[in-house]
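Q: So that you have it, the file is work.cif, and it contains mmCIF, C-alpha atoms:
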data_query
loop_
_atom_site.label_atom_id
_atom_site.label_comp_id
_atom_site.auth_asym_id
_atom_site.auth_seq_id
_atom_site.Cartn_x
_atom_site.Cartn_y
_atom_site.Cartn_z
CA MET A 433 27.09 -22.91 -17.21
CA ASP A 434 28.73 -20.52 -14.75
CA GLU A 435 28.73 -16.76 -15.18
CA SER A 436 32.29 -16.45 -16.47
CA GLN A 437 31.45 -18.87 -19.30
CA LEU A 438 28.30 -16.91 -20.03
CA ILE A 439 30.29 -13.66 -20.20
CA ALA A 440 32.83 -15.29 -22.54
CA ARG A 441 30.00 -16.31 -24.85
CA VAL A 442 28.56 -12.79 -24.79
CA ARG A 443 31.98 -11.44 -25.75
CA ALA A 444 32.05 -13.91 -28.62
CA GLY A 445 28.80 -12.41 -29.92
CA ASP A 446 26.30 -15.05 -28.73
CA SER A 447 22.93 -13.27 -28.54
CA ALA A 448 21.29 -16.08 -26.52
CA ALA A 449 24.00 -15.62 -23.90
CA GLU A 450 23.31 -11.86 -23.85
CA ARG A 451 19.68 -12.55 -23.08
CA ALA A 452 20.62 -15.09 -20.39
CA LEU A 453 22.97 -12.60 -18.73
CA TYR A 454 20.26 -9.93 -18.91
CA ASP A 455 17.66 -12.29 -17.40
CA ALA A 456 20.00 -13.16 -14.55
CA HIS A 457 20.44 -9.53 -13.45
CA VAL A 458 17.60 -7.41 -14.78
CA ASP A 459 15.31 -7.77 -11.75
CA ARG A 460 17.83 -6.34 -9.33
CA VAL A 461 18.83 -3.53 -11.69
CA TYR A 462 15.23 -2.55 -12.41
CA ARG A 463 14.23 -2.73 -8.73
CA LEU A 464 17.10 -0.47 -7.71
CA ALA A 465 16.36 1.96 -10.56
CA PHE A 466 12.69 2.05 -9.56
CA ARG A 467 13.43 2.57 -5.87
CA LEU A 468 15.75 5.47 -6.66
CA ALA A 469 13.64 7.05 -9.42
CA GLY A 470 10.13 6.31 -8.17
CA ASP A 471 8.83 6.29 -11.72
CA ASP A 472 8.31 3.36 -14.04
CA ALA A 473 9.23 5.13 -17.30
CA LEU A 474 12.45 6.49 -15.79
CA ALA A 475 13.29 3.13 -14.19
CA GLN A 476 12.87 1.39 -17.55
CA ASP A 477 15.00 4.03 -19.31
CA PHE A 478 17.75 3.69 -16.71
CA THR A 479 17.66 -0.13 -16.82
CA GLN A 480 17.92 -0.13 -20.60
CA GLU A 481 20.77 2.37 -20.55
CA THR A 482 22.59 0.26 -17.94
CA PHE A 483 22.48 -2.90 -20.04
CA ILE A 484 23.35 -1.07 -23.27
CA ARG A 485 26.45 0.37 -21.59
CA ALA A 486 27.30 -2.95 -19.92
CA PHE A 487 27.18 -4.91 -23.19
CA ASP A 488 29.14 -2.20 -25.02
CA ARG A 489 31.84 -2.15 -22.35
CA LEU A 490 31.96 -5.83 -21.47
CA GLY A 491 35.41 -5.95 -23.05
CA SER A 492 36.71 -3.78 -20.20
CA PHE A 493 35.29 -6.10 -17.51
CA ARG A 494 38.37 -7.86 -16.15
CA GLY A 495 36.61 -10.15 -13.69
CA ASP A 496 38.49 -8.80 -10.64
CA ALA A 497 35.14 -8.28 -8.92
CA ALA A 498 31.81 -10.06 -9.41
CA PHE A 499 29.92 -9.17 -12.58
CA SER A 500 26.97 -8.03 -10.43
CA THR A 501 29.22 -5.54 -8.61
CA TRP A 502 30.48 -4.13 -11.91
CA LEU A 503 26.92 -3.95 -13.25
CA HIS A 504 25.63 -2.15 -10.15
CA THR A 505 28.40 0.41 -10.51
CA ILE A 506 27.03 1.18 -13.97
CA THR A 507 23.45 1.17 -12.63
CA THR A 508 24.11 3.68 -9.87
CA THR A 509 26.08 5.94 -12.24
CA VAL A 510 23.32 5.89 -14.85
CA VAL A 511 20.50 6.39 -12.33
CA LEU A 512 22.13 9.12 -10.23
CA ASN A 513 23.30 11.09 -13.28
CA GLY A 514 19.88 10.69 -14.90
CA LEU A 515 18.08 11.84 -11.75
CA ARG A 516 20.34 14.88 -11.44
CA LYS A 517 19.42 15.90 -14.98
CA VAL A 518 15.70 15.48 -14.32
CA LYS A 519 16.02 17.34 -11.00
CA ARG A 520 17.82 20.28 -12.63
CA PHE A 521 15.16 20.46 -15.31
CA ARG A 522 12.29 20.29 -12.78
CA GLN A 523 13.96 22.84 -10.51
CA ARG A 524 14.16 25.31 -13.37
CA GLU A 525 10.45 24.83 -14.00
CA ALA A 526 9.64 25.08 -10.28
CA ASP A 527 11.54 28.37 -10.05
CA ILE A 528 9.40 29.77 -12.84
CA ASP A 529 6.21 28.49 -11.18
CA ASP A 530 7.26 29.91 -7.79
CA ALA A 531 7.69 33.34 -9.33
CA HIS A 532 3.98 33.31 -10.10
CA GLU A 533 2.91 32.09 -6.66
CA ILE A 534 4.53 34.64 -4.34
CA GLY A 535 2.14 35.68 -1.57
CA THR A 536 0.02 32.55 -1.61
CA VAL A 537 -0.16 30.36 1.53
CA THR A 538 -0.44 26.61 1.31
CA ARG A 539 -2.01 24.64 4.14
CA HIS A 540 -1.16 20.97 4.47
CA ALA A 541 -3.46 18.41 6.03
CA GLU A 542 -1.79 16.03 8.50
CA PRO A 543 -0.28 13.46 6.18
CA ASP A 544 -0.27 9.73 6.85
CA LEU A 545 2.81 7.58 7.43
CA LYS A 546 3.30 6.73 3.76
CA VAL A 547 3.40 10.39 2.76
CA ARG A 548 5.61 11.41 5.69
CA LEU A 549 8.03 8.55 5.05
CA LYS A 550 8.27 9.45 1.35
CA GLN A 551 8.89 13.08 2.21
CA ALA A 552 11.51 12.20 4.83
CA ILE A 553 13.41 9.86 2.50
CA GLU A 554 13.36 12.40 -0.31
CA GLU A 555 14.72 15.11 1.95
CA LEU A 556 17.82 13.03 2.76
CA PRO A 557 21.06 14.12 1.07
CA GLU A 558 21.64 12.11 -2.11
CA GLY A 559 24.41 9.94 -0.62
CA TYR A 560 22.42 9.05 2.51
CA ARG A 561 19.30 8.30 0.49
CA THR A 562 21.14 6.07 -1.97
CA VAL A 563 22.84 4.06 0.76
CA PHE A 564 19.62 3.77 2.79
CA LEU A 565 17.62 2.51 -0.20
CA MET A 566 20.33 0.12 -1.31
CA HIS A 567 20.96 -1.35 2.15
CA ASP A 568 17.75 -1.20 4.13
CA VAL A 569 15.26 -1.45 1.28
CA GLU A 570 16.97 -3.51 -1.44
CA GLY A 571 19.28 -5.55 0.80
CA TYR A 572 22.70 -4.74 -0.66
CA THR A 573 25.68 -5.31 1.61
CA HIS A 574 27.99 -2.43 2.57
CA GLU A 575 30.72 -4.07 0.47
CA GLU A 576 28.45 -4.05 -2.61
CA ILE A 577 27.40 -0.46 -1.94
CA GLY A 578 30.99 0.67 -1.44
CA ALA A 579 32.04 -0.94 -4.72
CA ALA A 580 29.06 0.44 -6.65
CA LEU A 581 29.41 3.99 -5.35
CA GLY A 582 33.20 4.03 -5.22
CA VAL A 583 33.36 4.73 -1.47
CA GLU A 584 34.87 2.91 1.51
CA THR A 585 32.70 0.38 3.34
CA GLY A 586 33.02 2.53 6.45
CA THR A 587 31.63 5.52 4.55
CA SER A 588 28.63 3.47 3.50
CA LYS A 589 28.03 2.39 7.12
CA ALA A 590 28.39 5.95 8.40
CA GLN A 591 26.00 7.32 5.78
CA LEU A 592 23.42 4.65 6.63
CA SER A 593 23.69 5.47 10.31
CA ARG A 594 23.18 9.20 9.61
CA ALA A 595 20.29 8.48 7.27
CA ARG A 596 18.51 6.41 9.93
CA ALA A 597 19.13 9.11 12.55
CA LYS A 598 17.61 11.78 10.30
CA LEU A 599 14.63 9.56 9.49
CA ARG A 600 14.10 8.85 13.18
CA VAL A 601 13.86 12.56 13.89
CA ALA A 602 11.62 13.20 10.89
CA LEU A 603 9.27 10.36 11.89
CA ALA A 604 9.25 11.04 15.64
CA ASP A 605 5.46 11.48 15.56
CA PHE A 606 5.15 7.78 14.79
CA ALA A 607 7.39 6.62 17.69
CA GLY A 608 4.47 4.73 19.20
CA GLU A 609 4.54 2.34 16.26
CA TRP A 610 8.06 1.03 16.86
CA THR A 611 8.28 1.28 20.63
CA THR A 612 5.24 -0.95 21.23
CA MET B 1413 29.01 -2.45 21.91
CA MET B 1414 25.82 -1.02 20.54
CA ASP B 1415 26.11 2.49 19.14
CA GLN B 1416 24.04 4.99 21.10
CA HIS B 1417 22.08 5.80 17.92
CA GLU B 1418 21.20 2.19 17.14
CA ASP B 1419 17.68 1.09 17.86
CA PRO B 1420 16.88 -2.35 16.43
CA LYS B 1421 13.13 -1.87 16.90
CA PHE B 1422 13.13 1.41 14.97
CA GLU B 1423 15.36 -0.03 12.24
CA ALA B 1424 13.13 -3.08 11.75
CA TRP B 1425 10.01 -0.88 11.65
CA LEU B 1426 11.65 1.56 9.23
CA GLN B 1427 12.86 -1.19 6.87
CA ASP B 1428 9.47 -2.81 6.79
CA ALA B 1429 7.66 0.50 6.21
CA ALA B 1430 10.07 1.62 3.48
CA ARG B 1431 10.10 -1.74 1.67
CA THR B 1432 6.34 -1.90 1.47
CA THR B 1433 5.46 1.74 0.83
CA TYR B 1434 8.38 3.64 -0.71
CA HIS B 1435 8.57 3.34 -4.52
CA ALA B 1436 7.53 -0.32 -4.42
CA PRO B 1437 8.42 -1.64 -7.90
CA ARG B 1438 5.97 -3.47 -10.13
CA PRO B 1439 7.02 -6.78 -11.75
CA THR B 1440 9.99 -6.24 -14.09
CA PRO B 1441 8.86 -5.64 -17.70
CA ARG B 1442 11.66 -7.87 -19.02
CA ASP B 1443 10.53 -8.44 -22.58
CA GLU B 1444 9.55 -4.81 -23.26
CA MET B 1445 12.93 -3.55 -22.07
CA TRP B 1446 14.87 -6.28 -23.88
CA ALA B 1447 13.17 -5.40 -27.18
CA ARG B 1448 14.20 -1.75 -26.76
CA ILE B 1449 17.76 -2.67 -25.73
CA GLU B 1450 18.20 -4.86 -28.81
CA LYS B 1451 16.80 -2.18 -31.09
CA ALA B 1452 18.98 0.57 -29.59
CA ARG B 1453 22.10 -1.61 -29.88
CA ARG B 1454 21.36 -2.44 -33.50
CA HIS B 1455 21.14 1.26 -34.33
CA LYS B 1456 24.17 2.32 -32.32
CA PRO B 1457 27.21 3.27 -34.42
CA VAL B 1458 30.18 1.19 -33.33
CA ILE B 1459 33.72 2.50 -33.72
CA VAL B 1460 36.42 0.03 -32.75
CA LEU B 1461 39.74 1.72 -32.08
CA ARG B 1462 42.76 -0.43 -32.83
CA PRO B 1463 45.80 0.38 -30.64
CA TRP B 1464 47.56 2.39 -33.37
CA MET B 1465 44.31 4.31 -34.00
CA ALA B 1466 44.02 5.16 -30.32
CA TRP B 1467 47.53 6.68 -30.42
CA ALA B 1468 46.66 8.59 -33.57
CA VAL B 1469 43.46 9.94 -32.00
CA ALA B 1470 45.34 10.92 -28.83
CA ALA B 1471 48.02 12.69 -30.88
CA ALA B 1472 45.38 14.53 -32.90
CA ALA B 1473 43.59 15.55 -29.70
CA VAL B 1474 46.82 16.94 -28.21
CA LEU B 1475 47.54 18.80 -31.45
CA ILE B 1476 44.06 20.34 -31.57
CA LEU B 1477 44.26 21.25 -27.88
CA GLY B 1478 47.64 22.90 -28.45
CA ILE B 1479 46.40 24.85 -31.45
CA GLY B 1480 43.29 25.83 -29.48
CA ILE B 1481 45.34 27.12 -26.55
CA GLY B 1482 47.61 28.96 -28.94
CA ARG B 1483 44.71 30.67 -30.68
CA TRP B 1484 43.14 31.65 -27.36
CA THR B 1485 46.33 33.04 -25.89
CA VAL B 1486 47.74 34.90 -28.89
CA SER B 1487 47.23 38.65 -28.51
CA PRO B 1488 44.67 40.18 -30.89
CA THR B 1489 47.24 42.71 -32.19
CA GLY B 1490 49.09 39.84 -33.80
CA SER B 1491 52.73 38.81 -34.07
CA PRO B 1492 54.93 37.16 -36.69
CA THR B 1493 54.27 33.74 -35.10
CA ARG B 1494 50.51 34.23 -35.29
CA VAL B 1495 50.73 35.21 -38.92
CA ALA B 1496 52.55 31.96 -39.61
CA VAL B 1497 49.88 29.82 -37.89
CA ALA B 1498 46.61 31.48 -38.85
CA PRO B 1499 46.57 30.78 -42.61
CA SER B 1500 46.67 26.99 -42.19
CA ASP B 1501 43.72 25.44 -44.05
CA SER B 1502 43.39 22.56 -41.60
CA ILE B 1503 43.04 24.89 -38.62
CA GLN B 1504 40.46 27.04 -40.31
CA ALA B 1505 38.47 23.94 -41.27
CA THR B 1506 38.16 22.80 -37.64
CA GLY B 1507 36.57 26.08 -36.39
CA PRO B 1508 33.00 25.76 -37.71
CA ASP B 1509 32.96 21.99 -37.09
CA VAL B 1510 33.88 22.46 -33.43
CA VAL B 1511 31.25 25.15 -32.94
CA TYR B 1512 28.67 23.00 -34.71
CA GLN B 1513 29.63 19.95 -32.61
CA MET B 1514 29.18 21.90 -29.38
CA ALA B 1515 25.86 23.33 -30.49
CA ALA B 1516 24.60 19.90 -31.57
CA THR B 1517 25.64 18.27 -28.29
CA GLN B 1518 23.98 20.97 -26.22
CA TYR B 1519 20.81 20.85 -28.31
CA LEU B 1520 20.59 17.03 -28.07
CA SER B 1521 21.23 17.09 -24.29
CA ARG B 1522 18.57 19.74 -23.78
CA THR B 1523 16.06 17.82 -25.85
CA GLU B 1524 16.86 14.60 -23.99
CA ALA B 1525 16.28 16.31 -20.61
CA PHE B 1526 13.02 17.80 -21.88
CA LEU B 1527 11.62 14.53 -23.28
CA THR B 1528 12.72 12.57 -20.20
CA SER B 1529 10.96 15.06 -17.97
CA PHE B 1530 7.89 15.07 -20.22
CA ARG B 1531 7.57 11.29 -19.92
CA ALA B 1532 8.30 11.29 -16.20
CA ASP B 1533 5.71 13.97 -15.43
CA LEU B 1534 2.82 12.01 -16.93
CA GLY B 1535 0.15 11.65 -14.31
CA PRO B 1536 -2.76 13.38 -12.68
CA ASN B 1537 -1.11 16.83 -12.86
CA HIS B 1538 0.09 16.42 -16.40
CA ALA B 1539 -2.81 18.24 -18.00
CA ALA B 1540 -1.99 21.32 -15.92
CA ASN B 1541 1.60 21.27 -17.19
CA SER B 1542 0.73 20.82 -20.84
CA ALA B 1543 0.81 24.56 -21.64
CA ARG B 1544 4.32 24.82 -20.21
CA PHE B 1545 5.51 21.73 -22.06
CA ALA B 1546 3.96 23.08 -25.28
CA SER B 1547 5.82 26.36 -24.94
CA GLN B 1548 9.16 24.60 -24.32
CA ALA B 1549 8.53 22.25 -27.23
CA ARG B 1550 8.00 25.25 -29.54
CA ASP B 1551 11.40 26.66 -28.52
CA LEU B 1552 13.12 23.35 -29.18
CA LEU B 1553 11.23 22.96 -32.43
CA THR B 1554 12.78 26.15 -33.77
CA THR B 1555 16.25 24.84 -32.98
CA THR B 1556 15.40 21.43 -34.47
CA ARG B 1557 14.43 23.05 -37.76
CA LEU B 1558 17.60 25.13 -37.79
CA MET B 1559 19.58 21.93 -37.21
CA LEU B 1560 17.77 20.22 -40.08
CA ASP B 1561 18.86 23.05 -42.40
CA SER B 1562 22.43 22.99 -41.06
CA PRO B 1563 25.23 20.59 -42.12
CA ALA B 1564 23.73 18.13 -39.58
CA GLY B 1565 20.81 17.56 -41.96
CA LYS B 1566 23.19 16.08 -44.53
CA ASP B 1567 24.07 13.16 -42.26
CA GLN B 1568 21.40 10.52 -42.87
CA ARG B 1569 21.37 9.13 -39.31
CA MET B 1570 21.24 12.58 -37.71
CA ARG B 1571 18.58 13.71 -40.18
CA SER B 1572 16.39 10.72 -39.31
CA LEU B 1573 16.77 11.48 -35.58
CA LEU B 1574 16.02 15.17 -36.08
CA GLU B 1575 12.90 14.33 -38.10
CA ASP B 1576 11.69 11.99 -35.33
CA LEU B 1577 12.32 14.74 -32.77
CA GLU B 1578 10.56 17.31 -34.93
CA LEU B 1579 7.46 15.10 -35.08
CA VAL B 1580 7.39 14.56 -31.31
CA LEU B 1581 7.98 18.25 -30.58
CA VAL B 1582 5.24 19.31 -33.01
CA GLN B 1583 2.82 16.98 -31.22
CA ILE B 1584 3.79 18.31 -27.78
CA SER B 1585 3.62 21.93 -28.97
CA GLN B 1586 0.05 21.36 -30.19
CA MET B 1587 -1.25 19.59 -27.08
CA ASP B 1588 -4.71 20.70 -26.07
CA PRO B 1589 -4.64 21.68 -22.34
CA ALA B 1590 -8.19 20.34 -22.03
CA HIS B 1591 -7.07 16.86 -23.14
CA GLY B 1592 -3.45 17.10 -21.97
CA GLY B 1593 -3.35 13.70 -20.28
CA HIS B 1594 -4.82 11.81 -23.25
CA ASP B 1595 -2.65 13.63 -25.80
CA ALA B 1596 0.44 13.03 -23.69
CA ASP B 1597 -0.31 9.29 -23.51
CA LEU B 1598 -0.56 9.11 -27.29
CA ILE B 1599 2.67 11.08 -27.74
CA THR B 1600 4.49 8.87 -25.26
CA GLN B 1601 3.25 5.74 -27.04
CA GLY B 1602 4.57 7.15 -30.31
CA MET B 1603 7.92 7.96 -28.68
CA ASN B 1604 8.19 4.42 -27.35
CA GLN B 1605 7.30 2.84 -30.67
CA SER B 1606 9.85 4.87 -32.60
CA HIS B 1607 12.51 4.48 -29.85
CA VAL B 1608 13.21 8.20 -29.93
CA LEU B 1609 14.85 8.43 -26.51
CA PRO B 1610 17.28 5.49 -26.92
CA LYS B 1611 18.28 6.84 -30.36
CA LEU B 1612 18.72 10.32 -28.92
CA ARG B 1613 20.85 9.04 -26.04
CA SER B 1614 23.07 7.00 -28.31
CA ALA B 1615 23.72 10.15 -30.38
CA ILE B 1616 24.95 12.11 -27.34
CA PRO B 1617 28.58 11.65 -26.31
CA ALA B 1618 29.01 10.20 -22.81
CA GLY B 1619 29.40 12.46 -19.76
CA PRO B 1620 27.75 15.64 -18.53
CA VAL B 1621 27.37 18.51 -21.03
CA PRO B 1622 30.44 20.53 -19.93
CA VAL B 1623 32.58 17.37 -20.25
CA ARG B 1624 31.08 16.50 -23.64
CA THR B 1625 31.91 19.88 -25.05
CA GLU B 1626 35.18 20.70 -23.33
CA GLY B 1627 37.16 18.38 -25.62
CA ALA B 1628 36.01 20.45 -28.55
CA LEU B 1629 37.80 23.49 -27.20
#
Could you quickly redo this structure as structure tokens?

A:
Amino acid sequence: MDESQLIARVRAGDSAAERALYDAHVDRVYRLAFRLAGDDALAQDFTQETFIRAFDRLGSFRGDAAFSTWLHTITTTVVLNGLRKVKRFRQREADIDDAHEIGTVTRHAEPDLKVRLKQAIEELPEGYRTVFLMHDVEGYTHEEIGAALGVETGTSKAQLSRARAKLRVALADFAGEWTT
Amino acid sequence: MMDQHEDPKFEAWLQDAARTTYHAPRPTPRDEMWARIEKARRHKPVIVLRPWMAWAVAAAAVLILGIGIGRWTVSPTGSPTRVAVAPSDSIQATGPDVVYQMAATQYLSRTEAFLTSFRADLGPNHAANSARFASQARDLLTTTRLMLDSPAGKDQRMRSLLEDLELVLVQISQMDPAHGGHDADLITQGMNQSHVLPKLRSAIPAGPVPVRTEGAL
């Protein structure tokens, strides 16, 4: 059975078809949610929310683009909005904590590559980080990214290029690892 | 022509390093998530708008918006026109409902952000944060109890959600900082079993808080 038939059965209320459609796409949705959120509980919440919205709105899916493209648009919207909420909440808490820590000096040991890479990726602007993770880490094409984020393909390419340039500067200490 | 910033060796190294070390996902917990999706969808209220209903809703929205603008822009000293509009029963009936709706949406959004953050911050540092979480939970608990005593408590679905939230917030507010991690695990398990977060999310209108509440004005 091809995907359009499966979608028609879901629209007709076939619960087995719902599960089949979920099984066909859940890995990619969960992986992307996890890469962006970095937390299993959040990734599960975002994945669930994505499929709940997708099933509720399947009537508005016209089939102009691939179902996976439509689904990844919902995924990125759910994840990015969810992360903004969590970030705002954490920032408020951090501001309170900082108020109690004025005058203290923190010394950092030289971190290893894993820590430095994590820090560098997290310091990227949201758009650069999203495109970098979708393209270089999860293997989405620029066309898929453009459709999911609602930007031109050229914008996706430009953001990836800028993300890599920033990461290259941030990871310059490790240049020996890629030049040899 | 190769862009001056391109460096295939760096890009290959970066991709490999990021794929293997940055937020590497565990195997997808398919069945756990599917069970929660099914449960949340079963509990979600479904309103199907027929075309004529959509027009009726749109017309009502325009009417309420117009009345709202009128009430905001009329001078406080009054005028004959204002006197003619103000006594309408239907207009007076919408006032408290709109205020209540806004308050409920903001309360539910705040609680959702708090519980999401509580779950996400589980980990080695969680015990250290338990006092802060407990204090925030106490604040939300006060609002929850006010909501339970408000007209919201008369709606069976909302009452059930508020009671679930009250239970979770009581547990968080009483966390022992010495056993914060263990207590938090138990609370999170309870939240997962009672599907508090999916129920909470399905009760919140879509969109960011300002968007959710602006229609009410």

Q: Hey, what comes out of the PyMOL selection byres ((chain A) within 7 of (chain B)) on this file? Could you write it as a PDB file with C-alpha atoms, in the coordinates of the input?

A:
ATOM      1  CA  ASP A 459      15.310  -7.770 -11.750  1.00  0.00           C
ATOM      2  CA  TYR A 462      15.230  -2.550 -12.410  1.00  0.00           C
ATOM      3  CA  ARG A 463      14.230  -2.730  -8.730  1.00  0.00           C
ATOM      4  CA  PHE A 466      12.690   2.050  -9.560  1.00  0.00           C
ATOM      5  CA  ARG A 467      13.430   2.570  -5.870  1.00  0.00           C
ATOM      6  CA  GLY A 470      10.130   6.310  -8.170  1.00  0.00           C
ATOM      7  CA  ASP A 471       8.830   6.290 -11.720  1.00  0.00           C
ATOM      8  CA  ALA A 473       9.230   5.130 -17.300  1.00  0.00           C
ATOM      9  CA  LEU A 474      12.450   6.490 -15.790  1.00  0.00           C
ATOM     10  CA  GLN A 476      12.870   1.390 -17.550  1.00  0.00           C
ATOM     11  CA  GLN A 480      17.920  -0.130 -20.600  1.00  0.00           C
ATOM     12  CA  ILE A 484      23.350  -1.070 -23.270  1.00  0.00           C
ATOM     13  CA  LYS A 517      19.420  15.900 -14.980  1.00  0.00           C
ATOM     14  CA  VAL A 518      15.700  15.480 -14.320  1.00  0.00           C
ATOM     15  CA  PHE A 521      15.160  20.460 -15.310  1.00  0.00           C
ATOM     16  CA  LYS A 546       3.300   6.730   3.760  1.00  0.00           C
ATOM     17  CA  LYS A 550       8.270   9.450   1.350  1.00  0.00           C
ATOM     18  CA  ASP A 568      17.750  -1.200   4.130  1.00  0.00           C
ATOM     19  CA  VAL A 569      15.260  -1.450   1.280  1.00  0.00           C
ATOM     20  CA  ALA A 597      19.130   9.110  12.550  1.00  0.00           C
ATOM     21  CA  TRP A 610       8.060   1.030  16.860  1.00  0.00           C
ATOM     22  CA  THR A 611       8.280   1.280  20.630  1.00  0.00           C
TER      23      THR A 611
END

Q: Can you work out the spacing between CA of Ile1599 in chain B and CA of Ala1549 in chain B in Å, to one decimal?

A: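 Spanning CA of Ile1599 in chain B to CA of Ala1549 in chain B is a straight-line distance of 12.6 Å.
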
Q: So what do you get for CA of Ala475 in chain A versus CA of Lys598 in chain A, distance-wise?

A: 26.3 Å

Q: What gap, in Å, lies between CA of Leu1574 in chain B and CA of Asn1541 in chain B?

A: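 Interatomic distance, CA of Leu1574 in chain B to CA of Asn1541 in chain B: 24.5 Å.
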
Q: Measuring between all atoms listed in the file, which one of A:Tyr454, A:Val510, A:Leu464, A:Asp472 shows the shortest distance to Glu570 in chain A?

A: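 The closest residue to Glu570 in chain A is A:Leu464.
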
Q: Show which residues sit within 8 Å of Val511 in chain A, as a ChimeraX atom specification. Count only C-alpha atoms, and ignore same-chain residues fewer than 5 positions away.

A: /A:465,468-469,478

Q: I'd like the neighbourhood of Leu592 in chain A as a count of residues only, where a residue qualifies if any of its atoms comes within 8 Å (using only C-alpha atoms), though same-chain residues fewer than 6 positions away should be ignored.

A: 4

Q: I would like the residues chosen by the PyMOL selection byres ((chain A and resi 577-591) around 8) on the shown file; could you give them as JSON, numbers by chain?

A: {"A": [501, 502, 504, 505, 506, 508, 509, 559, 560, 563, 564, 566, 567, 572, 573, 574, 575, 576, 592, 593, 594, 595]}

Q: Quick one: apply the PyMOL selection byres ((chain B and resi 1578) around 10) to the file and drop the selected residues here as a ChimeraX atom specification.

A: /B:1549-1550,1552-1557,1560,1572-1577,1579-1584

Q: Residues near Ala456 in chain A, anyone? I mean within 10 Å using only C-alpha atoms, not counting same-chain ones fewer than 5 positions away, as a PyMOL selection string.

A: chain A and resi 435+450-451+500

Q: Would you output that residue set with C-alpha atoms, as an mmCIF file, in the frame of the given file?

A:
data_model
loop_
_atom_site.group_PDB
_atom_site.id
_atom_site.type_symbol
_atom_site.label_atom_id
_atom_site.label_comp_id
_atom_site.auth_asym_id
_atom_site.auth_seq_id
_atom_site.Cartn_x
_atom_site.Cartn_y
_atom_site.Cartn_z
ATOM 1 C CA GLU A 435 28.730 -16.760 -15.180
ATOM 2 C CA GLU A 450 23.310 -11.860 -23.850
ATOM 3 C CA ARG A 451 19.680 -12.550 -23.080
ATOM 4 C CA SER A 500 26.970 -8.030 -10.430
#

Q: May I have the centre and edge lengths, in Å to one decimal, of an axis-aligned box around the listed atoms of range 1556-1574 of chain B with 5 Å added to every side, as lines of an AutoDock Vina configuration file?

A:
center_x = 19.8
center_y = 17.1
center_z = -39.5
size_x = 20.8
size_y = 26.0
size_z = 20.1

Q: Kindly indicate which residue among A:Val547, A:Ala552, A:Leu512, A:Leu503 lies nearest to Leu490 in chain A, using all atoms listed in the file for the distances.

A: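 The closest residue to Leu490 in chain A is A:Leu503.
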